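Data file: work-v9.cif. Format and content: mmCIF, C-alpha atoms.
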data_entry
#
loop_
_atom_site.label_atom_id
_atom_site.label_comp_id
_atom_site.auth_asym_id
_atom_site.auth_seq_id
_atom_site.Cartn_x
_atom_site.Cartn_y
_atom_site.Cartn_z
CA MET V 102 69.56 100.32 96.81
CA ASN V 103 66.43 102.37 96.25
CA THR V 104 63.35 102.07 98.46
CA ARG V 105 61.71 99.48 96.22
CA GLU V 106 64.79 97.26 96.23
CA ARG V 107 65.19 97.56 99.98
CA PHE V 108 61.53 96.69 100.58
CA LEU V 109 61.73 93.57 98.42
CA ALA V 110 65.02 92.50 100.05
CA VAL V 111 63.55 92.88 103.55
CA MET V 112 60.44 90.96 102.52
CA ASP V 113 62.81 88.22 101.32
CA LEU V 114 64.09 88.10 104.93
CA GLN V 115 67.45 89.57 104.00
CA ARG V 116 69.37 91.61 106.58
CA VAL V 117 68.86 94.97 104.90
CA ALA V 118 67.84 98.35 106.33
CA PRO V 119 64.07 98.54 105.80
CA PRO V 120 62.26 101.62 104.51
CA LYS V 121 61.67 104.33 107.11
CA TRP V 122 57.88 104.42 107.04
CA GLU V 123 54.95 104.94 109.37
CA PHE V 124 51.42 103.55 109.19
CA GLY V 125 49.92 107.05 109.19
CA TYR V 126 48.61 109.96 111.25
CA TRP V 127 45.15 111.16 112.31
CA GLY V 128 44.21 114.64 111.18
CA ALA V 129 44.00 115.81 114.80
CA THR V 130 47.54 114.55 115.39
CA LEU V 131 49.03 116.59 112.58
CA ARG V 132 47.14 119.70 113.65
CA ARG V 133 48.61 119.33 117.15
CA TRP V 134 52.10 118.81 115.76
CA TYR V 135 51.92 121.96 113.61
CA GLU V 136 51.16 123.90 116.79
CA GLU V 137 54.10 122.23 118.56
CA GLY V 138 56.76 122.92 115.95
CA LEU V 139 56.31 120.69 112.91
CA ALA V 140 57.09 122.90 109.91
CA ARG V 141 54.02 123.36 107.74
CA GLN V 142 55.32 123.13 104.19
CA LYS V 143 52.58 121.30 102.30
CA GLY V 144 50.14 121.17 105.19
CA ILE V 145 46.95 119.14 105.24
CA PRO V 146 43.60 119.86 103.58
CA ASP V 147 41.37 122.21 105.55
CA ASP V 148 38.48 119.79 105.14
CA LEU V 149 40.40 116.79 106.49
CA ALA V 150 38.47 115.76 109.60
CA ASP V 151 40.29 115.26 112.87
CA GLY V 152 39.24 111.62 112.47
CA GLY V 153 40.56 111.51 108.92
CA TYR V 154 44.08 110.35 108.20
CA LEU V 155 47.15 110.72 106.03
CA ASP V 156 49.27 107.75 105.00
CA GLY V 157 52.75 107.59 106.51
CA GLY V 158 54.37 105.61 103.69
CA ALA V 159 53.53 102.05 104.67
CA GLY V 160 49.95 101.91 103.40
CA GLY V 161 50.45 103.14 99.87
CA SER V 162 49.37 106.53 98.53
CA SER V 163 47.32 107.15 95.39
CA PRO V 164 45.46 110.10 93.86
CA THR V 165 42.53 109.30 96.16
CA ARG V 166 44.56 108.35 99.25
CA LEU V 167 46.32 111.27 100.93
CA ALA V 168 49.93 110.94 102.02
CA ASP V 169 51.95 112.97 104.51
CA SER V 170 54.96 114.95 103.34
CA ASP V 171 55.74 117.30 106.23
CA VAL V 172 56.56 114.62 108.84
CA ASN V 173 58.41 112.69 106.16
CA TYR V 174 60.63 115.68 105.36
CA ALA V 175 61.19 116.77 108.95
CA LEU V 176 62.35 113.35 110.14
CA GLY V 177 64.19 112.09 107.06
CA MET V 178 61.76 109.33 106.15
CA ASP V 179 61.82 107.36 102.90
CA PRO V 180 59.38 107.92 100.03
CA GLY V 181 56.27 105.86 100.62
CA MET V 182 54.72 102.91 98.88
CA LEU V 183 52.32 103.54 95.99
CA ARG V 184 48.92 101.90 95.68
CA LEU V 185 47.65 101.13 92.17
CA ALA V 186 45.06 103.76 91.30
CA MET V 187 42.06 101.57 90.57
CA ASN V 188 38.67 100.87 92.12
CA ASN V 189 38.46 97.22 93.19
CA TYR V 190 34.96 97.35 94.69
CA LEU V 191 31.61 98.86 93.70
CA CYS V 192 31.53 100.52 90.29
CA PRO V 193 29.49 102.60 90.16
CA ALA V 194 29.37 103.38 93.85
CA PHE V 195 26.07 104.20 95.49
CA THR V 196 25.05 107.84 95.52
CA PRO V 197 25.23 109.06 99.14
CA GLU V 198 21.88 110.36 100.35
CA VAL V 199 20.17 111.37 103.57
CA LEU V 200 17.14 109.14 104.18
CA GLU V 201 15.79 110.58 107.43
CA VAL V 202 16.51 113.66 109.52
CA HIS V 203 15.98 113.56 113.28
CA GLU V 204 16.92 115.85 116.13
CA GLY V 205 20.67 115.46 116.56
CA TRP V 206 21.16 112.65 114.03
CA VAL V 207 20.43 111.53 110.48
CA LEU V 208 19.91 108.21 108.75
CA ALA V 209 21.87 108.05 105.51
CA ARG V 210 23.09 105.73 102.79
CA ASP V 211 26.83 105.96 102.07
CA GLU V 212 28.72 105.23 98.86
CA LYS V 213 29.06 101.54 99.81
CA GLY V 214 25.29 101.23 100.13
CA MET V 215 25.44 100.98 103.93
CA ILE V 216 22.59 102.49 105.91
CA VAL V 217 24.24 104.42 108.74
CA LYS V 218 23.13 106.55 111.66
CA ARG V 219 25.37 109.53 112.32
CA ARG V 220 25.50 112.89 114.00
CA PRO V 221 26.07 115.72 111.51
CA GLY V 222 29.36 117.56 111.85
CA GLN V 223 31.02 114.95 114.07
CA ASP V 224 34.11 112.94 113.15
CA SER V 225 33.21 109.82 115.10
CA LEU V 226 32.42 106.64 113.24
CA PRO V 227 28.76 106.24 112.28
CA HIS V 228 26.58 103.47 113.64
CA PHE V 229 26.02 100.90 110.89
CA ILE V 230 22.41 99.78 110.60
CA ARG V 231 22.50 97.40 107.63
CA GLY V 232 24.20 96.79 104.31
CA PRO V 233 22.93 96.51 100.74
CA VAL V 234 22.65 92.70 100.84
CA GLU V 235 20.05 90.77 102.81
CA THR V 236 19.08 88.03 100.33
CA CYS V 237 20.55 86.00 97.47
CA GLU V 238 18.60 88.21 95.07
CA ASP V 239 20.22 91.33 96.55
CA TRP V 240 23.66 89.83 95.98
CA GLU V 241 22.95 88.82 92.39
CA ARG V 242 21.61 92.30 91.63
CA LEU V 243 24.61 93.99 93.25
CA LYS V 244 27.00 91.82 91.23
CA ALA V 245 25.21 92.55 87.97
CA GLU V 246 25.03 96.30 88.58
CA ARG V 247 28.24 97.14 90.46
CA LEU V 248 30.72 94.23 90.57
CA GLN V 249 31.53 93.52 86.96
CA PRO V 250 35.25 92.77 86.36
CA SER V 251 35.76 95.43 83.74
CA LEU V 252 38.39 98.16 83.91
CA GLN V 253 35.96 100.65 82.42
CA GLY V 254 35.28 103.35 84.99
CA ARG V 255 37.67 101.78 87.50
CA LEU V 256 40.92 103.53 86.56
CA ASN V 257 41.86 106.97 87.83
CA ARG V 258 41.49 109.79 85.34
CA GLN V 259 45.25 110.36 85.54
CA TRP V 260 45.88 106.75 84.51
CA PRO V 261 48.09 107.32 81.40
CA GLY V 262 50.55 109.45 83.36
CA LEU V 263 50.39 107.18 86.38
CA LEU V 264 51.07 104.12 84.23
CA ALA V 265 54.21 105.74 82.82
CA SER V 266 55.41 106.62 86.33
CA TYR V 267 54.71 103.12 87.63
CA LYS V 268 57.05 101.65 85.04
CA THR V 269 59.97 103.78 86.24
CA ARG V 270 59.22 103.64 89.97
CA THR V 271 61.80 103.45 92.71
CA VAL V 272 59.24 102.62 95.45
CA PRO V 273 57.05 99.52 95.85
CA LEU V 274 53.75 99.41 93.96
CA ALA V 275 50.85 97.61 95.65
CA LEU V 276 47.78 96.01 94.12
CA GLY V 277 44.47 95.85 95.96
CA GLY V 278 43.78 96.96 99.51
CA GLY V 279 40.56 98.11 101.10
CA GLN V 280 38.81 94.78 100.55
CA GLY V 281 38.92 91.23 101.89
CA PHE V 282 36.97 88.05 102.36
CA PHE V 283 35.59 89.18 105.72
CA GLY V 284 36.03 92.94 105.36
CA THR V 285 33.97 93.17 102.19
CA PRO V 286 31.07 90.99 103.40
CA ARG V 287 30.99 93.26 106.44
CA TYR V 288 30.23 96.13 104.06
CA LEU V 289 27.61 93.99 102.33
CA PHE V 290 25.64 92.91 105.41
CA GLY V 291 26.58 95.23 108.25
CA GLU V 292 28.91 94.75 111.20
CA VAL V 293 26.54 92.64 113.27
CA GLN V 294 24.62 90.97 110.49
CA VAL V 295 27.74 89.50 108.85
CA LEU V 296 28.53 87.55 112.03
CA THR V 297 25.16 85.80 112.05
CA ALA V 298 25.05 85.33 108.26
CA TYR V 299 27.56 82.46 108.47
CA TYR V 300 24.92 80.54 110.46
CA ASP V 301 21.71 81.89 108.93
CA TYR V 302 22.78 81.97 105.26
CA PRO V 303 25.75 79.60 104.84
CA ASP V 304 25.15 78.94 101.15
CA LEU V 305 25.00 82.65 100.41
CA MET V 306 28.24 83.27 102.33
CA HIS V 307 30.00 80.53 100.36
CA THR V 308 28.70 82.06 97.14
CA ILE V 309 29.81 85.59 98.06
CA VAL V 310 33.36 84.56 98.97
CA ASN V 311 33.72 82.50 95.80
CA ASP V 312 32.25 85.27 93.64
CA LEU V 313 34.53 87.88 95.20
CA ALA V 314 37.58 85.71 94.54
CA ASP V 315 36.54 85.24 90.91
CA PHE V 316 35.85 88.96 90.58
CA TRP V 317 39.25 90.03 91.90
CA VAL V 318 41.09 87.40 89.86
CA ALA V 319 39.38 88.56 86.65
CA LEU V 320 39.91 92.24 87.46
CA TYR V 321 43.52 91.94 88.55
CA ASP V 322 44.37 89.71 85.60
CA GLN V 323 43.57 92.59 83.26
CA ILE V 324 45.52 95.22 85.20
CA LEU V 325 48.58 92.96 85.52
CA ASP V 326 48.70 92.77 81.73
CA LEU V 327 49.34 96.54 81.81
CA VAL V 328 51.79 96.89 84.70
CA ASP V 329 53.73 94.68 87.10
CA VAL V 330 53.39 95.20 90.85
CA ASP V 331 55.55 94.36 93.85
CA LEU V 332 52.94 93.22 96.34
CA ALA V 333 49.24 92.67 96.96
CA LEU V 334 47.20 94.04 99.87
CA ILE V 335 44.14 92.52 101.53
CA TRP V 336 42.12 94.33 104.20
CA GLU V 337 40.18 92.49 106.88
CA ASP V 338 40.04 94.12 110.36
CA MET V 339 38.40 90.95 111.62
CA ALA V 340 39.75 90.90 115.19
CA PHE V 341 39.26 92.88 118.38
CA LYS V 342 41.31 93.25 121.56
CA THR V 343 41.15 89.64 122.73
CA GLY V 344 40.73 87.63 119.55
CA PRO V 345 39.12 87.25 116.12
CA LEU V 346 35.51 88.18 115.39
CA VAL V 347 34.92 84.74 113.88
CA SER V 348 36.21 81.37 115.01
CA PRO V 349 39.05 79.60 113.20
CA ALA V 350 36.46 76.99 112.17
CA ILE V 351 34.31 79.65 110.48
CA PHE V 352 37.42 81.08 108.80
CA ARG V 353 38.47 77.68 107.51
CA ARG V 354 35.01 76.78 106.23
CA PHE V 355 33.98 80.06 104.62
CA ILE V 356 36.95 82.42 104.19
CA LEU V 357 39.98 80.23 103.52
CA PRO V 358 38.80 79.00 100.08
CA GLY V 359 38.68 82.59 98.83
CA TYR V 360 42.20 83.25 100.06
CA LYS V 361 43.55 80.13 98.40
CA LYS V 362 41.98 80.99 95.06
CA LEU V 363 43.17 84.61 95.05
CA THR V 364 46.69 84.01 96.35
CA ALA V 365 47.26 81.13 93.92
CA PHE V 366 46.44 83.52 91.09
CA LEU V 367 48.73 86.23 92.51
CA ARG V 368 51.63 83.79 92.79
CA ASP V 369 51.04 82.63 89.22
CA ARG V 370 51.37 86.28 88.16
CA GLY V 371 54.71 86.58 89.95
CA ILE V 372 53.56 88.41 93.11
CA ARG V 373 55.54 87.03 96.03
CA VAL V 374 54.51 89.47 98.77
CA ILE V 375 50.87 89.28 99.93
CA LEU V 376 50.09 91.33 103.04
CA VAL V 377 46.96 91.41 105.21
CA ASP V 378 45.96 94.51 107.18
CA CYS V 379 44.14 93.25 110.26
CA ASP V 380 43.81 95.11 113.55
CA GLY V 381 43.31 93.46 116.92
CA ASN V 382 44.54 90.15 118.32
CA VAL V 383 45.32 87.98 115.30
CA TRP V 384 47.20 85.12 116.97
CA LYS V 385 44.57 82.54 116.01
CA LEU V 386 44.29 83.92 112.48
CA ILE V 387 47.97 83.95 111.51
CA PRO V 388 48.21 80.18 110.82
CA LEU V 389 45.08 80.42 108.66
CA PHE V 390 46.39 83.45 106.77
CA ILE V 391 49.61 81.56 106.07
CA GLU V 392 47.70 78.45 104.96
CA GLY V 393 45.71 80.73 102.67
CA GLY V 394 48.86 81.99 100.94
CA VAL V 395 49.46 85.23 102.84
CA THR V 396 53.14 86.08 103.41
CA GLY V 397 52.86 88.97 105.88
CA VAL V 398 50.59 90.78 108.32
CA TYR V 399 50.35 94.28 109.83
CA PRO V 400 50.03 96.43 112.02
CA PHE V 401 50.23 94.16 115.15
CA GLU V 402 48.50 96.22 117.84
CA VAL V 403 50.36 95.87 121.12
CA MET V 404 47.32 96.71 123.28
CA ALA V 405 45.58 93.73 121.66
CA GLY V 406 48.28 91.35 122.86
CA MET V 407 50.48 91.32 119.76
CA ASN V 408 54.22 91.19 120.50
CA VAL V 409 56.24 91.08 117.28
CA ALA V 410 59.20 89.30 118.89
CA GLU V 411 56.87 86.51 119.99
CA VAL V 412 55.24 86.46 116.56
CA ARG V 413 58.67 86.12 114.92
CA HIS V 414 59.56 83.21 117.22
CA ALA V 415 56.27 81.44 116.40
CA PHE V 416 56.32 82.19 112.66
CA PRO V 417 59.95 82.56 111.49
CA ARG V 418 59.12 83.19 107.82
CA LEU V 419 56.23 85.63 108.30
CA GLN V 420 56.76 89.18 107.06
CA ILE V 421 55.99 91.53 109.98
CA LEU V 422 55.22 95.23 109.70
CA GLY V 423 54.41 97.62 112.56
CA GLY V 424 54.13 96.48 116.16
CA LEU V 425 55.46 99.53 118.08
CA ASP V 426 53.10 100.60 120.86
CA LYS V 427 51.59 104.03 120.20
CA THR V 428 50.28 104.34 123.76
CA SER V 429 53.75 103.95 125.25
CA ILE V 430 55.29 106.52 122.92
CA ALA V 431 52.74 109.02 124.25
CA LYS V 432 54.16 108.56 127.77
CA GLY V 433 57.63 109.93 126.99
CA THR V 434 61.19 108.91 126.23
CA ALA V 435 61.63 106.32 128.98
CA THR V 436 58.70 104.20 127.82
CA THR V 437 59.70 104.77 124.20
CA ASP V 438 63.10 103.25 124.94
CA VAL V 439 61.32 100.17 126.28
CA VAL V 440 59.22 99.99 123.10
CA LEU V 441 62.34 100.11 120.94
CA HIS V 442 64.56 97.71 122.85
CA GLN V 443 63.65 94.64 120.76
CA VAL V 444 63.86 96.40 117.39
CA PRO V 445 67.58 95.80 116.65
CA GLU V 446 67.25 92.03 117.03
CA MET V 447 64.15 92.02 114.85
CA LEU V 448 65.92 94.07 112.18
CA ASN V 449 68.86 91.69 112.17
CA GLN V 450 66.56 88.79 111.40
CA GLY V 451 65.08 90.46 108.32
CA GLY V 452 61.45 90.39 107.27
CA TYR V 453 60.54 93.30 109.54
CA ILE V 454 59.55 96.91 108.89
CA PRO V 455 59.06 98.72 112.23
CA TYR V 456 56.49 101.46 112.76
CA VAL V 457 53.71 102.47 115.16
CA ASP V 458 50.97 99.85 115.47
CA HIS V 459 48.26 101.96 113.76
CA PHE V 460 47.65 105.65 113.06
CA VAL V 461 49.51 107.87 115.51
CA PRO V 462 46.89 109.39 117.87
CA PRO V 463 46.78 113.05 118.96
CA ASP V 464 47.87 112.27 122.52
CA VAL V 465 51.41 111.74 121.16
CA SER V 466 53.30 115.03 121.25
CA TRP V 467 55.57 116.15 118.41
CA GLN V 468 58.53 116.07 120.80
CA ASP V 469 57.86 112.49 121.87
CA PHE V 470 57.19 111.30 118.34
CA SER V 471 60.35 113.00 117.05
CA TYR V 472 62.44 111.29 119.75
CA TYR V 473 60.89 107.90 118.94
CA ARG V 474 61.38 108.26 115.21
CA GLN V 475 64.94 109.59 115.39
CA GLU V 476 65.94 106.68 117.63
CA LEU V 477 64.24 104.21 115.30
CA ASN V 478 65.89 105.77 112.25
CA ARG V 479 69.27 105.37 113.94
CA MET V 480 68.59 101.68 114.55
CA ILE V 481 67.61 101.23 110.92
CA ASP V 482 70.75 103.02 109.73
CA ASP V 483 72.85 100.72 111.90
CA VAL V 484 71.65 97.75 109.86
CA GLY V 485 73.23 99.24 106.77
CA ILE V 486 72.33 99.20 103.11
CA PRO V 487 74.29 97.00 100.70
CA SER V 488 75.98 98.87 97.87
CA ASP V 489 74.64 98.41 94.35
#
Could I get this structure in the form of C-alpha cells?
Amino acid sequence: MNTRERFLAVMDLQRVAPPKWEFGYWGATLRRWYEEGLARQKGIPDDLADGGYLDGGAGGSSPTRLADSDVNYALGMDPGMLRLAMNNYLCPAFTPEVLEVHEGWVLARDEKGMIVKRRPGQDSLPHFIRGPVETCEDWERLKAERLQPSLQGRLNRQWPGLLASYKTRTVPLALGGGQGFFGTPRYLFGEVQVLTAYYDYPDLMHTIVNDLADFWVALYDQILDLVDVDLALIWEDMAFKTGPLVSPAIFRRFILPGYKKLTAFLRDRGIRVILVDCDGNVWKLIPLFIEGGVTGVYPFEVMAGMNVAEVRHAFPRLQILGGLDKTSIAKGTATTDVVLHQVPEMLNQGGYIPYVDHFVPPDVSWQDFSYYRQELNRMIDDVGIPSD
C-alpha cells in the first residue's frame, strides 16, 4: 500500500500502519538540530524566522507551504500530504504597508487587512489591533472586492504541472485549510473584537458565516470538477488551555450552520474525511464538530488537557491525529516512554495517526527527538501493512 492508500485505510478505522508523519518543526528547532547532528542536505531557507515553521508531513505541503525533507530522510518518515495549491481566502490580498513608525514598534496592515502592532526584526507574534471589518458595509465591500468565488488569480502559477501530478499521486491530497467559521471571522474583526461581535452584531455574524459557506462551496465546486481530493481541512484554533473561546451555545447558534452547509457539500462530492485543526482544550467542541459533519480533529495538545486515549473512548468513530506531548519528549527518554505507552493500543484500534501535539519546539534536542521518533516508527511497523 502506498501512503495515500494507508492514510485512507486508517481514516476508515482499519488496523493498518499509519503514515509516519509529524505536525511540523519551528525554524529555531531545525537550526538547533543541524548543530546537534542532523545532516543538512536540503537545509532550510536563510530567511525562515526562528518562529517560522516547516511542515512535517501531516499538514500538507504546497508551493507556498514549506515542507521538511532532512528530518524526513534521517528518520525514515513517509512522504507527506499535499495541500491543493489554491487561495481560498482574500483575492487579491491586501498590500502590506507600514502605517505608523514609533520608537521600538510599528503599526502596520498585513496581507489579511489586519492592523497589527509589532516590533521590527522580532519573530514573536504581533499584537492584533483590529481587522478589516467593523460594519455590514465593510463586509459587503470586502466580499465584492476580495471574496468572489472565481478561480481566476487563485491557482498557483505552476498549476498545469501540479494538476498532472495530482492525478498520479501516491500521497493524500487535501482541499482547504487555513480558514474556518471562527478562524476566518477572527481575521475579519480581530482576536478580541470577534468574541464580542456575536453579542453586538449577531445578524452580521450570521451573514458572514452563511456567506463564507456559500463562498467555499462555490469555489470548491469548481476545483473539484478539475481534480478529486482525499480530504478537506478546516482551521479554527478556537480554544485555549482550559476550554473553547466561545461557548457551545454560541457555536451552535452561529458556527454550526456553516459547518453543516459546507460538509454536506463535501460529502456530496465524495469527500469522506473532513479534519479540523484546533489547538487547545476541545472537549466541549468535539460533539459539535461531529454534529457539523467533521470526521476528525488534530493536534490534541496534551498540556491543554487532551488525552487521545480518553478521546477515543468517548468518541469511538472520531479520526484522531497527533496527541503526543512535546514537553515530555524534551525531558528525555524516560518521559518519552511514558508518552508512547498508549500508542500501540491506539494503533490497533485504527483511526489514529500519532505525532507530536503541535510544532516541535527548540527545547527538544535532536537526540531526544530521534529516540522518540525511532520508537514510534517501530510501533507503527509492528502494526504491519497489508499486501496489495
Checklist entry - Of the candidates V:His203, V:Phe470, V:Arg105, V:Ala118, which one gets nearest to Gln450 (chain V) if we count only C-alpha atoms? => result V:Ala118
Checklist entry - Got a sec to resolve the PyMOL selection byres ((chain V and resi 460) around 6) on this structure and send the residues as number ranges by chain? => result V: 124-126, 459, 461
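CA of Ser471 (chain V) lies 7.2 Å from CA of Leu176 (chain V).
CA of Pro193 (chain V) is positioned 5.6 Å from CA of Arg247 (chain V).
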Checklist entry - Do you know which residues lie at most 7 Å from (51.0, 111.7, 105.7), with coordinates as in the file and all atoms listed in the file counted, and could you write them as an MDAnalysis selection string? => result chainID V and resid 125:126 155:157 167:170
Test item: the PyMOL selection byres ((chain V and resi 362-365) around 10) resolved as a short mmCIF file (atom, residue, chain, number, x, y, z; two decimals) with C-alpha atoms, keeping the file's coordinate frame:
data_model
loop_
_atom_site.label_atom_id
_atom_site.label_comp_id
_atom_site.auth_asym_id
_atom_site.auth_seq_id
_atom_site.Cartn_x
_atom_site.Cartn_y
_atom_site.Cartn_z
CA ASN V 311 33.72 82.50 95.80
CA LEU V 313 34.53 87.88 95.20
CA ALA V 314 37.58 85.71 94.54
CA ASP V 315 36.54 85.24 90.91
CA PHE V 316 35.85 88.96 90.58
CA TRP V 317 39.25 90.03 91.90
CA VAL V 318 41.09 87.40 89.86
CA TYR V 321 43.52 91.94 88.55
CA ALA V 333 49.24 92.67 96.96
CA LEU V 357 39.98 80.23 103.52
CA PRO V 358 38.80 79.00 100.08
CA GLY V 359 38.68 82.59 98.83
CA TYR V 360 42.20 83.25 100.06
CA LYS V 361 43.55 80.13 98.40
CA PHE V 366 46.44 83.52 91.09
CA LEU V 367 48.73 86.23 92.51
CA ARG V 368 51.63 83.79 92.79
CA ASP V 369 51.04 82.63 89.22
CA ARG V 370 51.37 86.28 88.16
CA ILE V 372 53.56 88.41 93.11
CA ARG V 373 55.54 87.03 96.03
CA VAL V 374 54.51 89.47 98.77
CA ILE V 375 50.87 89.28 99.93
CA GLY V 393 45.71 80.73 102.67
CA GLY V 394 48.86 81.99 100.94
CA VAL V 395 49.46 85.23 102.84
CA THR V 396 53.14 86.08 103.41
#
Can you give me, as a JSON list (two decimals) with C-alpha atoms, in the coordinates of the input, the residues this file yields under the PyMOL selection byres ((chain V and resi 437-445) around 10)?
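Here's the written file out-v1.json:
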[["chain", "number", "residue", "atom", "x", "y", "z"],
["V", 403, "VAL", "CA", 50.36, 95.87, 121.12],
["V", 409, "VAL", "CA", 56.24, 91.08, 117.28],
["V", 410, "ALA", "CA", 59.20, 89.30, 118.89],
["V", 424, "GLY", "CA", 54.13, 96.48, 116.16],
["V", 425, "LEU", "CA", 55.46, 99.53, 118.08],
["V", 426, "ASP", "CA", 53.10, 100.60, 120.86],
["V", 427, "LYS", "CA", 51.59, 104.03, 120.20],
["V", 428, "THR", "CA", 50.28, 104.34, 123.76],
["V", 429, "SER", "CA", 53.75, 103.95, 125.25],
["V", 430, "ILE", "CA", 55.29, 106.52, 122.92],
["V", 431, "ALA", "CA", 52.74, 109.02, 124.25],
["V", 432, "LYS", "CA", 54.16, 108.56, 127.77],
["V", 433, "GLY", "CA", 57.63, 109.93, 126.99],
["V", 434, "THR", "CA", 61.19, 108.91, 126.23],
["V", 435, "ALA", "CA", 61.63, 106.32, 128.98],
["V", 436, "THR", "CA", 58.70, 104.20, 127.82],
["V", 446, "GLU", "CA", 67.25, 92.03, 117.03],
["V", 447, "MET", "CA", 64.15, 92.02, 114.85],
["V", 448, "LEU", "CA", 65.92, 94.07, 112.18],
["V", 449, "ASN", "CA", 68.86, 91.69, 112.17],
["V", 450, "GLN", "CA", 66.56, 88.79, 111.40],
["V", 453, "TYR", "CA", 60.54, 93.30, 109.54],
["V", 454, "ILE", "CA", 59.55, 96.91, 108.89],
["V", 455, "PRO", "CA", 59.06, 98.72, 112.23],
["V", 457, "VAL", "CA", 53.71, 102.47, 115.16],
["V", 469, "ASP", "CA", 57.86, 112.49, 121.87],
["V", 470, "PHE", "CA", 57.19, 111.30, 118.34],
["V", 472, "TYR", "CA", 62.44, 111.29, 119.75],
["V", 473, "TYR", "CA", 60.89, 107.90, 118.94],
["V", 474, "ARG", "CA", 61.38, 108.26, 115.21],
["V", 476, "GLU", "CA", 65.94, 106.68, 117.63],
["V", 477, "LEU", "CA", 64.24, 104.21, 115.30],
["V", 480, "MET", "CA", 68.59, 101.68, 114.55],
["V", 481, "ILE", "CA", 67.61, 101.23, 110.92],
["V", 483, "ASP", "CA", 72.85, 100.72, 111.90],
["V", 484, "VAL", "CA", 71.65, 97.75, 109.86]]
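Between CA of Arg107 (chain V) and CA of Pro400 (chain V) the separation is 19.4 Å.
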Next on the checklist: If we count only C-alpha atoms and set the cut-off at 8 Å, which residues sit around region 194-198 of chain V, ignoring sequence neighbours fewer than 4 positions away in its own chain? Please answer as a ChimeraX atom specification.
Outcome noted: /V:209-214,247
Restrict the selected residues to C-alpha atoms and save them as a short mmCIF file (atom, residue, chain, number, x, y, z; two decimals), in the frame of the given file.
data_model
loop_
_atom_site.label_atom_id
_atom_site.label_comp_id
_atom_site.auth_asym_id
_atom_site.auth_seq_id
_atom_site.Cartn_x
_atom_site.Cartn_y
_atom_site.Cartn_z
CA ALA V 209 21.87 108.05 105.51
CA ARG V 210 23.09 105.73 102.79
CA ASP V 211 26.83 105.96 102.07
CA GLU V 212 28.72 105.23 98.86
CA LYS V 213 29.06 101.54 99.81
CA GLY V 214 25.29 101.23 100.13
CA ARG V 247 28.24 97.14 90.46
#
Next on the checklist: Using all atoms listed in the file, list the residues that have an atom at most 8 Å from (57.3, 104.4, 106.8), coordinates as in the file, as a VMD selection string.
Outcome noted: chain V and resid 120 to 124 157 to 159 178 to 181 456
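Distances to Pro250 (chain V) were evaluated for V:Glu238, V:Asp322, V:Asp301, V:Asp378 using only C-alpha atoms, and the minimum falls at V:Asp322.
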Checklist entry - Quick one: of V:Lys385, V:Arg133, V:Arg287, V:Arg242, who's nearest to Ile230 (chain V), counting all atoms listed in the file? => result V:Arg287
Item to check | Contacts of region 142-153 of chain V within 12 Å, only C-alpha atoms, excl. fewer than 6 positions in-chain, as a ChimeraX atom specification | outcome: /V:125-136,166-175,222-227,460-463
So that I have them on file, write out the residues from the current selection with C-alpha atoms, as a CSV table (one decimal), keeping the file's coordinate frame.
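The file below, part_18.csv, is the result:
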chain,number,residue,atom,x,y,z
V,125,GLY,CA,49.9,107.0,109.2
V,126,TYR,CA,48.6,110.0,111.2
V,127,TRP,CA,45.2,111.2,112.3
V,128,GLY,CA,44.2,114.6,111.2
V,129,ALA,CA,44.0,115.8,114.8
V,130,THR,CA,47.5,114.6,115.4
V,131,LEU,CA,49.0,116.6,112.6
V,132,ARG,CA,47.1,119.7,113.6
V,133,ARG,CA,48.6,119.3,117.2
V,134,TRP,CA,52.1,118.8,115.8
V,135,TYR,CA,51.9,122.0,113.6
V,136,GLU,CA,51.2,123.9,116.8
V,166,ARG,CA,44.6,108.4,99.2
V,167,LEU,CA,46.3,111.3,100.9
V,168,ALA,CA,49.9,110.9,102.0
V,169,ASP,CA,52.0,113.0,104.5
V,170,SER,CA,55.0,115.0,103.3
V,171,ASP,CA,55.7,117.3,106.2
V,172,VAL,CA,56.6,114.6,108.8
V,173,ASN,CA,58.4,112.7,106.2
V,174,TYR,CA,60.6,115.7,105.4
V,175,ALA,CA,61.2,116.8,109.0
V,222,GLY,CA,29.4,117.6,111.8
V,223,GLN,CA,31.0,115.0,114.1
V,224,ASP,CA,34.1,112.9,113.2
V,225,SER,CA,33.2,109.8,115.1
V,226,LEU,CA,32.4,106.6,113.2
V,227,PRO,CA,28.8,106.2,112.3
V,460,PHE,CA,47.6,105.6,113.1
V,461,VAL,CA,49.5,107.9,115.5
V,462,PRO,CA,46.9,109.4,117.9
V,463,PRO,CA,46.8,113.0,119.0
Supply region 110-117 of chain V as a tab-separated table (two decimals), in the coordinates of the input, with N, CA and C atoms built in where the input has gaps.
chain	number	residue	atom	x	y	z
V	110	ALA	N	63.98	93.27	99.36
V	110	ALA	CA	65.02	92.50	100.05
V	110	ALA	C	64.60	92.16	101.47
V	111	VAL	N	64.01	93.13	102.18
V	111	VAL	CA	63.55	92.88	103.55
V	111	VAL	C	62.44	91.84	103.55
V	112	MET	N	61.52	91.94	102.60
V	112	MET	CA	60.44	90.96	102.52
V	112	MET	C	60.96	89.56	102.17
V	113	ASP	N	62.15	89.51	101.60
V	113	ASP	CA	62.81	88.22	101.32
V	113	ASP	C	63.63	87.75	102.51
V	114	LEU	N	63.42	88.42	103.67
V	114	LEU	CA	64.09	88.10	104.93
V	114	LEU	C	65.60	88.30	104.88
V	115	GLN	N	66.05	89.20	104.01
V	115	GLN	CA	67.45	89.57	104.00
V	115	GLN	C	67.73	90.61	105.09
V	116	ARG	N	68.97	90.63	105.57
V	116	ARG	CA	69.37	91.61	106.58
V	116	ARG	C	69.74	92.91	105.87
V	117	VAL	N	68.74	93.71	105.63
V	117	VAL	CA	68.86	94.97	104.90
V	117	VAL	C	68.07	96.03	105.67
